[in-house]
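Inspection log for the structure reproduced underneath, given as C-alpha cells.
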Amino acid sequence: MPQLFRPSSNTIARLSIVAVILLLGSTLALAYIMDRGPWTTSVRVAPEQPIPFSHKHHVKDDGIDCRYCHTSVETSGFAGLPPTETCMSCHSQIWNNASVTQPIRDSWASGQSIVWTRVHKLPDFVYFNHSIHLNKGIGCSACHGQVSEMPLMYKVNTLNMNWCVNCHRNPAAYIRPKSEIFNVDYVYPANQAELGAKLVKEYHVNSLTDCVTCHR
Amino acid sequence: MALPENPNLIELPEIPDPGPDEILGPGHNYATVTDRIAGVVFSPWSRWPGKWWIGAIIAFGFVNLLMLAMYVLFFRGIGVWGVNIPIGWGFAIINFVWWIGIGHAGTLISAILFLLRQDWRTSINRFSEAMTLFAVACAGMFPILHLGRPWLAYWLFPYPNSMWLWPQPRSPLEWDVFAVSTYGTVSLVFWYIGLIPDLASLRDTAPHPWQQKIYGILSLGWRGSAVHWSRYQKAYLLLAGLSTPLVLSVHTIVSFDFAISIIPGWHTTIFPPYFVAGAIYSGFAMVLTLIIPLRSWYNMRDLITLRHIDAASKFMLGTGLIVAYGYAMEAFFAWYSGDKYESFMYWNRMTGPYAVTYWLLILCNITLPQALWSRRVRHNIGLVWVISLIVNVGMWLERFEIVVTSLTRDFVPSSWGTYIPTKWDWATYTGTLGFFMLLIFLFVRMLPSISIFEVREVVHHQSHPKATLAEKQR
Amino acid sequence: MKQSLIPLESLLEAPKKDAPDLQAIREKLASGRGPAFWRTLDEAAETKELQEYVEQEFPGLSGQIPQGVDRRSLLKVMAASLAMAGAAACTKLPKETIVPYVRQPENLIPGLPLFYATAMTSGGYARGVLVESHLNRPTKVEGNPDHPASLGSTTIFEQASVLNLYDPDRSETALHEGEISNWATFTGAFSTEAQDIAARKGEGLAILTGQTTSPTLIYQMTTLQSQYPGAKWYIHEPGVNPAISGAAKKIAGKNAFVAYDFSQADVVVSLDSDFLNNGPAALAYARQFSKKRSVDNGNTPVRLYAIESTPTVSGSIADHRFPVKSSAIPSIAYQLAKACGVNAPDSGAASPVWLNAVAQDLQNSKGQCIVVAGEYQPESVHLAAWAINSALGNVGKTVRLLEGVEADNTHGIEELTGDLNAGKVEVLVILDSNPVYSAPGALNFVSAIRKARLVVRLGQFFDETSRYSHWHVPAAHSLETWSDARAFDGTTTIIQPLIAPLYENKSAHELLSILMAKPDQSAHDIVKGYWQSQLKGGDFDTIWKTSLHDGWIAGKTVNTINAGGTVALPNLQPAIADLEVVFRPDPTIGDGSWANNGWLQELPKPQSKMTWDNTVAISPKDAQRMNVTIGDMLKVIVNGQSATGPAWILPGHAENSVTVYLGYGRTASGKVGTGIGYDAYPIQQVNTPWNAPGTISKTGEHYRLANVQETQTMAGREPVRATDLVEYRKTPNFPTAEEPPLDKATTLYPPWPYEGYKWGMTIDLNVCTGCSACIIACQAENNIAVVGKDQVARGRHMHWIRVDRYYAGNDIDNPEIYNQPVPCMHCEDAPCEVVCPVAATVHSNEGLNEMVYNRCVGTRYCSNNCPYKVRRFNFYLYSDWNTESLRGMRNPDVTVRSRGVMEKCSYCIQRIQESKIQTEKEGRSIRDGEVVTACQQVCPTQAITFGNLNDKGSAVARKQALPRNYGLLDDLNTRPRTTYLGFVRNSNEALSGSTRKS
C-alpha cells in the first residue's frame with residue numbers, strides 16, 4: 001500500500017510538540033503579565049478628571065499640607081475629600097476667573113458636587129483605615145508616592161493584597177518617624193533597618209496579618 | 001470451523017460462546033482477530049446496528065439535559081439543588097464518589113491484572129480503561145459544579161497570585177484535587193499508550209484514505225518494528241507499575257473527605273480500605289453491565305467469553321464481601337465504642353427517616369450478590385447482568401447513606417434537618433449518566449473496544465503452548 | 001416516613017403513623033427516664049406534606065421574599081458574567097467616581113458614625129434609643145442607657161424599625177381617591193375643608209389616632225377641641241387592652257399607671273402576664289428581674305409563678321408554670337385574693353391544688369412580692385392584683401401607682417363606629433391607625449367608614465384603611481420627623497429626625513395644624529414651639545440642646561400617687577365552660593402594623609420557632625382529642641364568624657383553649673406582608689376582645705409551615721444543663737459534674753499562647769427568656785439577608801445567632817421550657833478551619849474564628865464539619881443588591897455577602913476592630929465593656945457577656961470562672977470560646993414534682 005505520510009511529517013510532528021509547549025508557556029506568561037501590569041492595576045495611569053488638579057502645584061509649589069484638604073486623615077478611616085468650600089477658600093481670590101477653575105465656581109454656585117474619578121480604589125470587602133496607619137508611623141508617600149511630583153494624580157502601587165501584606169509582615173522596612181508622616185518627599189535613611197526596628201517598638205506596631213484586620 | 005477472513009459483520013452467523021474455560025473462541029488466527037475488531041469500527045453507518053443509534057440518541061438527549069441543568073445551576077445558584085444547612089453535601093458529592101469508584105475497575109484490570117499476568121484481562125482491559133476515563137470525566141465535573149462560586153475553582157490549585165495566598169494543605173478536598181487529577185492523567189496516558197499498536201492496525205485496515213490519515217496521525221508513526229515493541233513493552237510495564245498504587249490511593253484519599261471530618265458516620269478509620277473495595281466492586285459491576293450487551297450486539301461472544309464474565313463475577317463477589325465486612329464493622333464500632341453520637345448515628349441509619357435507603361443498600365450490595373457463589377448463576381449471563389445493575393444501584397445508595405444520612409442528624413438536635421433532592425439534582429445525575437454512555441457509544445464506534453494485538457498474543461499463545469508457558473514463567 | 005418519639009429508645013417502639021402518638025409521648029415522659037428533652041411535637045421534617053412542598057421546585061415566592069425572584073434575575077446574570085470575569089484571571093478595575101460635599105457639615109467626619117438620642121413608641125409609650133448614623137443615614141438602633149424604659153436595651157421592634165424606614169413599599173406621595181397627588185394639593189383641599197369645619201365649630205369632625213403620650217399631640221388635640229367643641233377624638237390601639245388604664249383609673253381616681261419594681265421582689269405571681277416582654281415598662285422589668293434572678297455568690301433568686309393560658313416569654317423562665325384557661329384567670333385571681341386575706345366576692349369555682357402553696361409563698365414574703373396582672377385580662381384581675389399587693393403591703397415598696405401620661409378622656413373605636421353609623425361623622429381624619437384591618441370584626445367597621453363624607457388618612461403604607469379613604473397622605477417614619485413621647489414614668493423625649501423624609505412624608509402634627517388653619521407649620525416648628533411655651537425659666541436653647549443630646553428633658557418624671565382606700569372587686573362572669581378562643585397580638589409582627597417587615601416575618605417566634613405565618617396554638621391534649629397534627633387547618637368559629645389557620649401544637653398551652661394570633665392576613669401591606677397567614681380580627685369580639693367562647697373543627701387541608709427547628713428528640717444529649725436550686729447548692733458545678741470537660745492538653749498540636757486580647761462570650765441560660773431580640777439586632781448590625789418562607793422551610797435561614805428552644809420534663813402538657821441562644825462558638829480547635837481547601841476560614845491571633853467571604857469558594861465543608869451548625873450559606877443571591885432604598889440601610893462596616901459564600905457570627909468583628917483602632921491611637925488597651933456585640937447590647941436581661949478573657953477582671957472572665965459555666969459539646973474538645981451558664985430552677989418544695997425535673 002502507498003505511503004500515507006511524506007518524510008517531512010516526522011519533522012512536523014516533532015515541531016508540533018515544541019509548539020504546544022511554547023504556546024502553553026507563553027499563554028501563562030501573558031496572563032501573568034496582564035494580571036500584574038498597568039492594564040489591570042492602572043498603576044501610573046492618570047485618569048481623566050473634571051479639573052486637571054495638580055498635586056505637584058499645590059503641594060510642591062504652594063506647600064499646602066496634606067491635611068488642609070484631606071482633613072479627616074488622622075481621625076477617620078476615610079482621608080476625606082475637600083468640599084468645594086475648601087477650594088473656594090483660595091480660588092474665590094486667585095485664579096478666580098480662570099477657565100480651569102470654572103467647575104469649582106459652578107459647583108459653588110449650583111450646589112452640585114464636583115464628580116472626581118477615583119484613583120486609589122479598594123474592593124468593597126477591604127476595610128482600610130487611614131488614621132491608624134498614620135498614627136503608627138506610615139507616611140502618606142509610603143503608599144501614595146511622591147505626589148509633589150504628580151501633575152495629575154495616579155497610583156504608584158498596585159494596592160494588590162500582596163503589596164499590603166508585604167508591609168504588614170515587615171512594617172520595620174516602611175515605618176518612619178511621626179514627624180515625617182506628611183513629608184511626601186521623605187527618603188528612607190540608610191539605617192532604616194535599625195531605625196525601623198526602633199520605631200516599631202516605640203510606636204507599638206504589631207504586624208497584623210489576621211484576615212479580619214482588613215476583611216469583615 | 002475456520003472463520004472466513006474479512007467477514008461482513010452484520011451477516012455473520014451467531015457465534016457461540018466457547019464456554020467458561022476459553023478466553024477465545026476456536027478457529028481464530030491473527031487476521032480474523034484484526035478483521036473482527038477493526039470490522040466493528042469500519043462497518044459502514046448503514047450497516048450499523050439500530051440498537052446503537054437508539055442508545056446513542058437517548059444518551060445525547062441526557063447530555064443536553066446536563067447542559068440545561070448546568071445552565072440553571074450557574075445562573076441561579078447552588079440553591080436549585082436540595083442541599084441546605086445542615087446537609088451541605090448532596091447528590092453532587094454522592095455522584096462524585098460513585099463515579100470515581102466506577103473508574104477503578106479499568107486501571108485495576110489493565111495494570112494489576114497485567115502485572116499478575118492474568119491472560120483473561122486481554123479482551124476486556126481496553127474497554128474498561130475507556131470506561132475508567134469516562135467515569136473519571138463525569139466524576140471530575142461534580143466537585144466544580146457543587147461549589148458556591150464555581151468560577152473560582154482555580155483557587156484550589158497552587159499558583160502564584162497577587163493575593164499571596166496558597167490553598168490550605170490540611171483540607172482533604174485539596175488532596176482530592178491532586179489525587180483525582182493525577183489518576184485521570186495517568187489513566188489517559190496508560191490507555192493511549194495501550195492503543196497505539198491498535199491504532200496502527202486500524203490505519204492499515206482502514207478502507208478510506210482519510211481514515212487512514214487520522215489513525216495514522218494518532219498512531220504516532222508506529223511501524224511495529226522490534227524496537228517499537230520492546231520500547232512499548234517497557235513503557236507499558238512502567239505505567240502499569242505507576243498506576244497500580246493509584247488504584248489504591250485515589251479512593252483512599254476520596255474516603256479522607258469523610259474520614260478526616262468529625263461527623264458521626266464519617267469519622268472512621270475503616271473508610272480507606274472499604275472505599276477501595278467498594279470502588280472495585282462497583283467498577284466490575286459497571287464493566288459487566290456494559291460488556292454483556294456489547295458482546296451480544298457485536299457478535300463478540302467468542303472474544304469476550306463466559307470465562308471473562310465468570311472471572312469478573314468472582315471479583316465482584318470477593319470485593320462485595322469486603323464491603324459487607326466494612327458495614328459490619330461500622331455497626332460494631334457504633335455499638336462497641338459506646339459513643340452516644342456514633343451509636344445514635346447507626347440507629348438513625350437503620351430506623352431513621354432514611355432507613356429505607358439503608359435496608360435497600362444492604363439488599364443490593366450484600367444479600368443479592370451472594371447468588372454469585374453459585375456457578376450456575378455466574379454462567380447465566382442474564383442473571384449476572386441483572387446483579388451487576390443491582391450492585392451499581394446499591395453502591396450509589398451506600399454513598400447516599402454515608403453523605404446524606406450522616407449529615408441529617410449530627411450533634412445538636414436543634415439543627416437536625418432533612419434532605420430532599422430536587423429535579424435539578426436528578427437532571428445533573430442522569431445527565432452525567434447520559435454523558436458517560438454517549439462517550440462509550442462513540443468509543444465503540446471509533447476505536448477498537450478490544451485490544452487487537454493482545455488478543456493476537458492470545459492466539460499466538462494458543463498456537464504455541466510452549467512459548468506461552470515460557471512467557472508465563474518470565 | 002415514620003415518627004420517632006421522645007427518648008431515643010422509643011425510636012424502635014414508635015407506632016408508625018402520621019400523627020404523633022401523644023398518649024405514647026405522655027407515658028414515655030411519665031415513665032420519666034431522666035430528663036428527656038424534646039421539641040416540637042410533629043417532626044415536621046418527616047411528614048409527607050413537608051417533603052411534598054419542599055420538592056416543589058419554584059413555588060410562588062411573590063409576597064414571601066421581599067426581593068422577588070424576578071427582580072433578582074438580572075443580578076443572577078450579572079453574577080454569572082462576573083463568573084466569566086473571575087475565570088479570566090485578570091480583569092480591569094471598573095471606573096469609579098468619588099463625590100465630595102460642596103459645604104461639609106462641621107460636626108460630620110466622613111467614615112465615623114454619629115449617634116443621636118431619640119425615642120420610638122410602642123402603644124404610644126416611649127422607649128429611648130440611640131441611633132447610629134453614617135453620613136446621615138440611620139443604620140442601627142440601640143437602646144438609650146440613660147432612659148428608664150430602655151436602660152440600653154430595645155425590643156425586636158425598635159431594631160426592625162430601620163427596615164421600615166427604608167422599606168421600598170412605603171407610600172411616597174399623597175393620593176386622592178387612588179390618583180397620585182401631592183402635599184400642596186392636599187393642603188389646599190384640606191384647608192378649605194378646615195374652614196368649613198371651623199365654621200361648623202367642629203361638628204361632624206372625628207379624629208382617630210393610636211394611643212399616644214406625645215405632649216405636643218395631646219396639646220394640639222386639646223386646643224383643637226377647645227377651638228372646635230364639636231370635634232371628637234377617638235383612639236384605636238388594637239394590641240393594647242384598655243382595661244389596664246381603666247383599672248388604674250378606678251384605683252387612683254384619675255389617669256394612672258401601675259408600675260412594679262422587681263429588684264425588690266422575692267416572689268412574683270404572674271396572672272397571665274408577659275411582663276418581661278410586653279408593655280411600656282417591659283425592658284425595665286426584664287433588667288430588674290434578671291438581676292434579682294442571679295443565683296451566684298449565694299444570692300437567693302426570685303421565684304416566679306406563671307399562671308397563664310398561652311405560654312409566654314415570661315412564662316418560659318417561670319419556676320412554676322400553671323396552664324389555666326385565660327377566662328379562668330379572674331376566678332383564680334379572686335381565690336388568690338381570698339387566700340391573701342382580701343375580701344373578694346366568691347368566684348364560684350373550685351380552687352386548684354397549687355393555689356394555697358402559692359398564696360402561702362406570697363404571705364411569707366410580705367412587702368417583697370408582686371402579683372402582676374395580665375396585659376389581656378379584664379379590669380377585675382387588675383383590681384384583684386392591686387388588692388392583693390396592697391393587702392400584702394407591697395404598695396409603696398414593690399408596687400407603685402404613677403400618674404398616667406397617656407391621652408385621656410378619649411373615645412373608643414366602638415363609639416366611632418356607632419357615630420359613623422348614626423351619621424354623626426362627616427369628616428374622619430385617621431392618623432396612623434389602621435381600623436379597617438384591625439377593628440374587631442364584630443364592629444363591621446368597613447361598612448361604617450363608608451358613611452363618612454370625607455376620610456383623610458395619614459399612613460406609612462397604602463393599606464386597607466387607605467383604600468377606604470378619599471385622601472391618603474404618606475406618614476413620616478419616627479426617624480424622619482419631629483415629635484415627642486413619654487415613658488411610663490413620665491420621662492419625656494424629643495423625637496428628632498436623623499434623615500430628611502425619603503419621600504413626601506408628613507407627621508400627625510403637620511396634618512393637625514392644617515386643621516387649625518396653620519398649613520405652613522413644619523413639625524419642627526410645632527414641637528419646638530410647644531416646648532418653648534412649656535420650658536419656662538433658664539435659657540431655652542440650652543435646655544433644648546441638652547434634652548436633644550441626652551434623649552430626655554430633665555425633670556419631667558411623674559409623681560407617685562398615694563392611693564387611698566381599697567377598691568371593691570366587681571362580681572365575676574363565670575369562666576368559659578367549653579372551648580375558649582384566646583386572642584393575642586402576634587409575637588413578632590404585633591397587631592399587624594409590622595407585617596411588611598421581612599426581618600420580623602423571618603424572626604422565629606418564641607416557643608414555636610415558626611416563621612412567616614401565624615398559627616392556631618392548641619394544647620397537646622386537645623390536639624390528641626381532635627387528632628390534630630401540626631399544620632392541619634383549623635376552622636375557628638366565634639359567634640358565627642370564622643377564621644381558618646394552621647394548627648400548632650404548643651406544649652404548656654391550657655387545655656380546652658386555643659390561641660389565635662392577630663396581625664396576619666393583611667390584604668394591603670406591601671410585597672412582604674400581603675396575603676400571608678390568616679386574619680383573626682374578623683372573629684374578635686367587642687366586649688370580650690381577648691378571649692371568647694368558640695368552636696374549632698378540622699377542615700381536612702394541611703398547610704405548609706416554615707419552622708427553623710424540625711427535630712424533637714434530644715437523643716439523651718444535654719445542650720441545656722439545668723438543675724434545681726437545692727441541687728445547685730449541693731453541686732454548684734452541676735453542668736460539668738458528671739462529665740468533666742476534657743483536659744486542655746488533649747490535642748496533638750502544641751497549645752497556642754493567646755497574648756494580648758482573647759475574646760470570649762458567656763450566655764446565662766438562667767435569665768435568657770428567648771425574646772429573640774438578639775437575633776434581630778444581629779441581623780440589623782451584620783447586614784443579614786432575608787430569604788423568605790420557602791427557603792426557611794428548606795433549612796436555609798441566615799440568622800447568625802439562633803435561639804434553640806427545648807422542652808423538658810415528664811409532663812408534655814406542662815413541660816419545662818429552656819431557651820438557648822447559639823452564636824458561633826469560636827472554637828479554639830475549630831473543626832471548620834482544617835477542612836477549608838482555600839483557607840477562607842482561619843483562626844486569628846485573638847482566637848476569633850474568621851470567615852473571609854471574598855476568599856470563600858463555597859464547598860460548604862466547613863458547615864458540614866461544624867458540630868454546632870452555626871454557619872449559614874448563600875445558596876442564592878439572598879442580599880438584595882438592586883433595591884436602591886435598602887442600600888442606605890446597610891451597615892457600611894460589614895461586607896454585604898454575595899451568592900455562594902459561607903457566613904457566620906463574627907463576634908461583631910467590625911466593632912472590635914473599631915475600638916482596637918481607637919484605643920491604639922490613644923495608646924492604651926481596650927477596657928472591659930468597651931467592645932459590646934450587637935446581641936449583648938440589645939439583650940433586655942443581659943444574658944450575654946462578651947469581653948477579653950485574658951483580663952481576669954473582665955465580666956466575661958469572671959462569669960466563665962463560675963461553677964455553672966460549661967461549653968456546649970465540650971466532650972468534642974473543640975474548646976468553644978462561647979460558653980453557657982447552667983439553668984437553676986428555684987422551685988417551691990411544697991409543689992415539688994409537678995414541674996420539676998425528676
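Residues in the C-alpha cells are named by chain (A, B, ... in the order shown) and by number from 1 within that chain; ligands are numbered from 1 in the order shown.
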If you take only C-alpha atoms and a cut-off of 8 Å, which residues of chain B touch chain A, and what are their nearest atom pairs and distances in Å to one decimal, in chain and number order, as a tab-separated table?
```
residue	atom	partner	partner_atom	distance
B:Ser162	CA	A:Asn162	CA	5.4
B:Met163	CA	A:Met161	CA	4.7
B:Trp164	CA	A:Asn162	CA	5.2
B:Gln212	CA	A:Leu4	CA	7.4
B:Lys213	CA	A:Leu4	CA	6.6
B:Gly216	CA	A:Leu4	CA	7.5
```
Show me a table, sorted first by chain and then by increasing residue number, of the residues of chain C having an atom at most 9 Å from chain A, each with its shortest atom pair and the distance in Å to one decimal, counting only C-alpha atoms and written as JSON lines.
```
{"residue": "C:Ala88", "atom": "CA", "partner": "A:Ala31", "partner_atom": "CA", "distance": 8.8}
{"residue": "C:Ala89", "atom": "CA", "partner": "A:Asp35", "partner_atom": "CA", "distance": 7.1}
{"residue": "C:Cys90", "atom": "CA", "partner": "A:Asp35", "partner_atom": "CA", "distance": 4.8}
{"residue": "C:Thr91", "atom": "CA", "partner": "A:Thr40", "partner_atom": "CA", "distance": 5.9}
{"residue": "C:Lys92", "atom": "CA", "partner": "A:Thr40", "partner_atom": "CA", "distance": 4.4}
{"residue": "C:Leu93", "atom": "CA", "partner": "A:Thr40", "partner_atom": "CA", "distance": 6.4}
{"residue": "C:Lys95", "atom": "CA", "partner": "A:Thr117", "partner_atom": "CA", "distance": 7.3}
{"residue": "C:Glu96", "atom": "CA", "partner": "A:Arg118", "partner_atom": "CA", "distance": 5.5}
{"residue": "C:Thr97", "atom": "CA", "partner": "A:Thr117", "partner_atom": "CA", "distance": 4.4}
{"residue": "C:Ile98", "atom": "CA", "partner": "A:Trp116", "partner_atom": "CA", "distance": 5.3}
{"residue": "C:Val99", "atom": "CA", "partner": "A:Val115", "partner_atom": "CA", "distance": 5.0}
{"residue": "C:Pro100", "atom": "CA", "partner": "A:Pro83", "partner_atom": "CA", "distance": 5.3}
{"residue": "C:Tyr101", "atom": "CA", "partner": "A:Pro83", "partner_atom": "CA", "distance": 4.6}
{"residue": "C:Val102", "atom": "CA", "partner": "A:Thr84", "partner_atom": "CA", "distance": 4.5}
{"residue": "C:Arg103", "atom": "CA", "partner": "A:Glu85", "partner_atom": "CA", "distance": 5.6}
{"residue": "C:Gln104", "atom": "CA", "partner": "A:Pro83", "partner_atom": "CA", "distance": 6.2}
{"residue": "C:Ile109", "atom": "CA", "partner": "A:Ser72", "partner_atom": "CA", "distance": 6.4}
{"residue": "C:Pro110", "atom": "CA", "partner": "A:Phe78", "partner_atom": "CA", "distance": 6.3}
{"residue": "C:Gly111", "atom": "CA", "partner": "A:Phe78", "partner_atom": "CA", "distance": 5.2}
{"residue": "C:Leu112", "atom": "CA", "partner": "A:Ser76", "partner_atom": "CA", "distance": 6.1}
{"residue": "C:Ala840", "atom": "CA", "partner": "A:Cys211", "partner_atom": "CA", "distance": 9.0}
{"residue": "C:Thr841", "atom": "CA", "partner": "A:Cys211", "partner_atom": "CA", "distance": 8.9}
{"residue": "C:Val842", "atom": "CA", "partner": "A:Cys211", "partner_atom": "CA", "distance": 7.9}
{"residue": "C:His843", "atom": "CA", "partner": "A:Asp210", "partner_atom": "CA", "distance": 7.9}
{"residue": "C:Ser844", "atom": "CA", "partner": "A:Asp210", "partner_atom": "CA", "distance": 5.4}
{"residue": "C:Asn845", "atom": "CA", "partner": "A:Asp210", "partner_atom": "CA", "distance": 7.0}
{"residue": "C:Leu848", "atom": "CA", "partner": "A:Val212", "partner_atom": "CA", "distance": 9.0}
{"residue": "C:Glu850", "atom": "CA", "partner": "A:Val212", "partner_atom": "CA", "distance": 6.5}
{"residue": "C:Met851", "atom": "CA", "partner": "A:Arg216", "partner_atom": "CA", "distance": 7.9}
{"residue": "C:Val852", "atom": "CA", "partner": "A:His215", "partner_atom": "CA", "distance": 6.4}
{"residue": "C:Tyr853", "atom": "CA", "partner": "A:His215", "partner_atom": "CA", "distance": 8.1}
{"residue": "C:Asn854", "atom": "CA", "partner": "A:Phe125", "partner_atom": "CA", "distance": 6.9}
{"residue": "C:Asp893", "atom": "CA", "partner": "A:Arg216", "partner_atom": "CA", "distance": 7.4}
{"residue": "C:Val894", "atom": "CA", "partner": "A:Arg216", "partner_atom": "CA", "distance": 5.7}
{"residue": "C:Thr895", "atom": "CA", "partner": "A:Phe125", "partner_atom": "CA", "distance": 5.5}
{"residue": "C:Val896", "atom": "CA", "partner": "A:Phe125", "partner_atom": "CA", "distance": 8.2}
{"residue": "C:Ser906", "atom": "CA", "partner": "A:Arg216", "partner_atom": "CA", "distance": 8.2}
{"residue": "C:Cys908", "atom": "CA", "partner": "A:Arg216", "partner_atom": "CA", "distance": 8.9}
{"residue": "C:Ile909", "atom": "CA", "partner": "A:Arg216", "partner_atom": "CA", "distance": 6.7}
{"residue": "C:Gln910", "atom": "CA", "partner": "A:Arg216", "partner_atom": "CA", "distance": 6.4}
{"residue": "C:Gln913", "atom": "CA", "partner": "A:Thr213", "partner_atom": "CA", "distance": 7.4}
{"residue": "C:Ile917", "atom": "CA", "partner": "A:Ile132", "partner_atom": "CA", "distance": 6.1}
{"residue": "C:Gln918", "atom": "CA", "partner": "A:Ile132", "partner_atom": "CA", "distance": 8.0}
{"residue": "C:Glu920", "atom": "CA", "partner": "A:Ile132", "partner_atom": "CA", "distance": 7.6}
{"residue": "C:Lys921", "atom": "CA", "partner": "A:Asn135", "partner_atom": "CA", "distance": 6.1}
{"residue": "C:Gly923", "atom": "CA", "partner": "A:His204", "partner_atom": "CA", "distance": 8.4}
```
For stretch 180-187 of chain C, please output as a compact mmCIF listing (two decimals) with C-alpha atoms, in the first residue's frame all residues within 10 Å (counting only C-alpha atoms; exclusion window: fewer than 5 positions along the same chain).
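Writing done, so here's selection_21.txt:
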```txt
# COMPACT_ATOMS: atom_id res chain seq x y z
CA GLU C 172 -44.33 58.08 48.54
CA THR C 173 -46.92 60.66 47.56
CA ALA C 174 -50.34 61.79 48.63
CA LEU C 175 -53.15 60.01 46.82
CA THR C 192 -60.82 74.75 52.59
CA GLU C 193 -62.33 71.73 54.33
CA ALA C 194 -60.86 73.04 57.57
CA VAL C 456 -58.35 61.59 55.39
CA TRP C 471 -57.17 61.21 50.81
CA HIS C 472 -54.10 59.15 51.68
CA VAL C 473 -51.09 61.11 52.97
CA PRO C 474 -47.73 59.30 53.40
CA GLU C 504 -43.22 63.45 50.76
CA ASN C 505 -43.84 62.12 54.25
CA LYS C 506 -45.62 64.18 56.88
CA LEU C 511 -51.76 67.36 59.44
CA ILE C 514 -53.71 72.30 58.77
CA LEU C 515 -56.98 71.68 60.56
CA PRO C 519 -50.95 74.79 57.00
CA ASP C 520 -47.38 76.05 56.67
```
Nearest to chain C, chosen from B:Leu195, B:Ile87, B:Ala179, B:Leu202, with only C-alpha atoms counted in the distances: B:Ile87
Strand (DSSP E) call set, DSSP backbone run, stretch 894-978 of chain C, as a ChimeraX atom specification: /C:902-903,944-948,965-966,978
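Distances here use only C-alpha atoms; by that measure, the residue among C:Pro323, C:Pro837, C:Pro963, C:Pro823 closest to chain B is C:Pro837.
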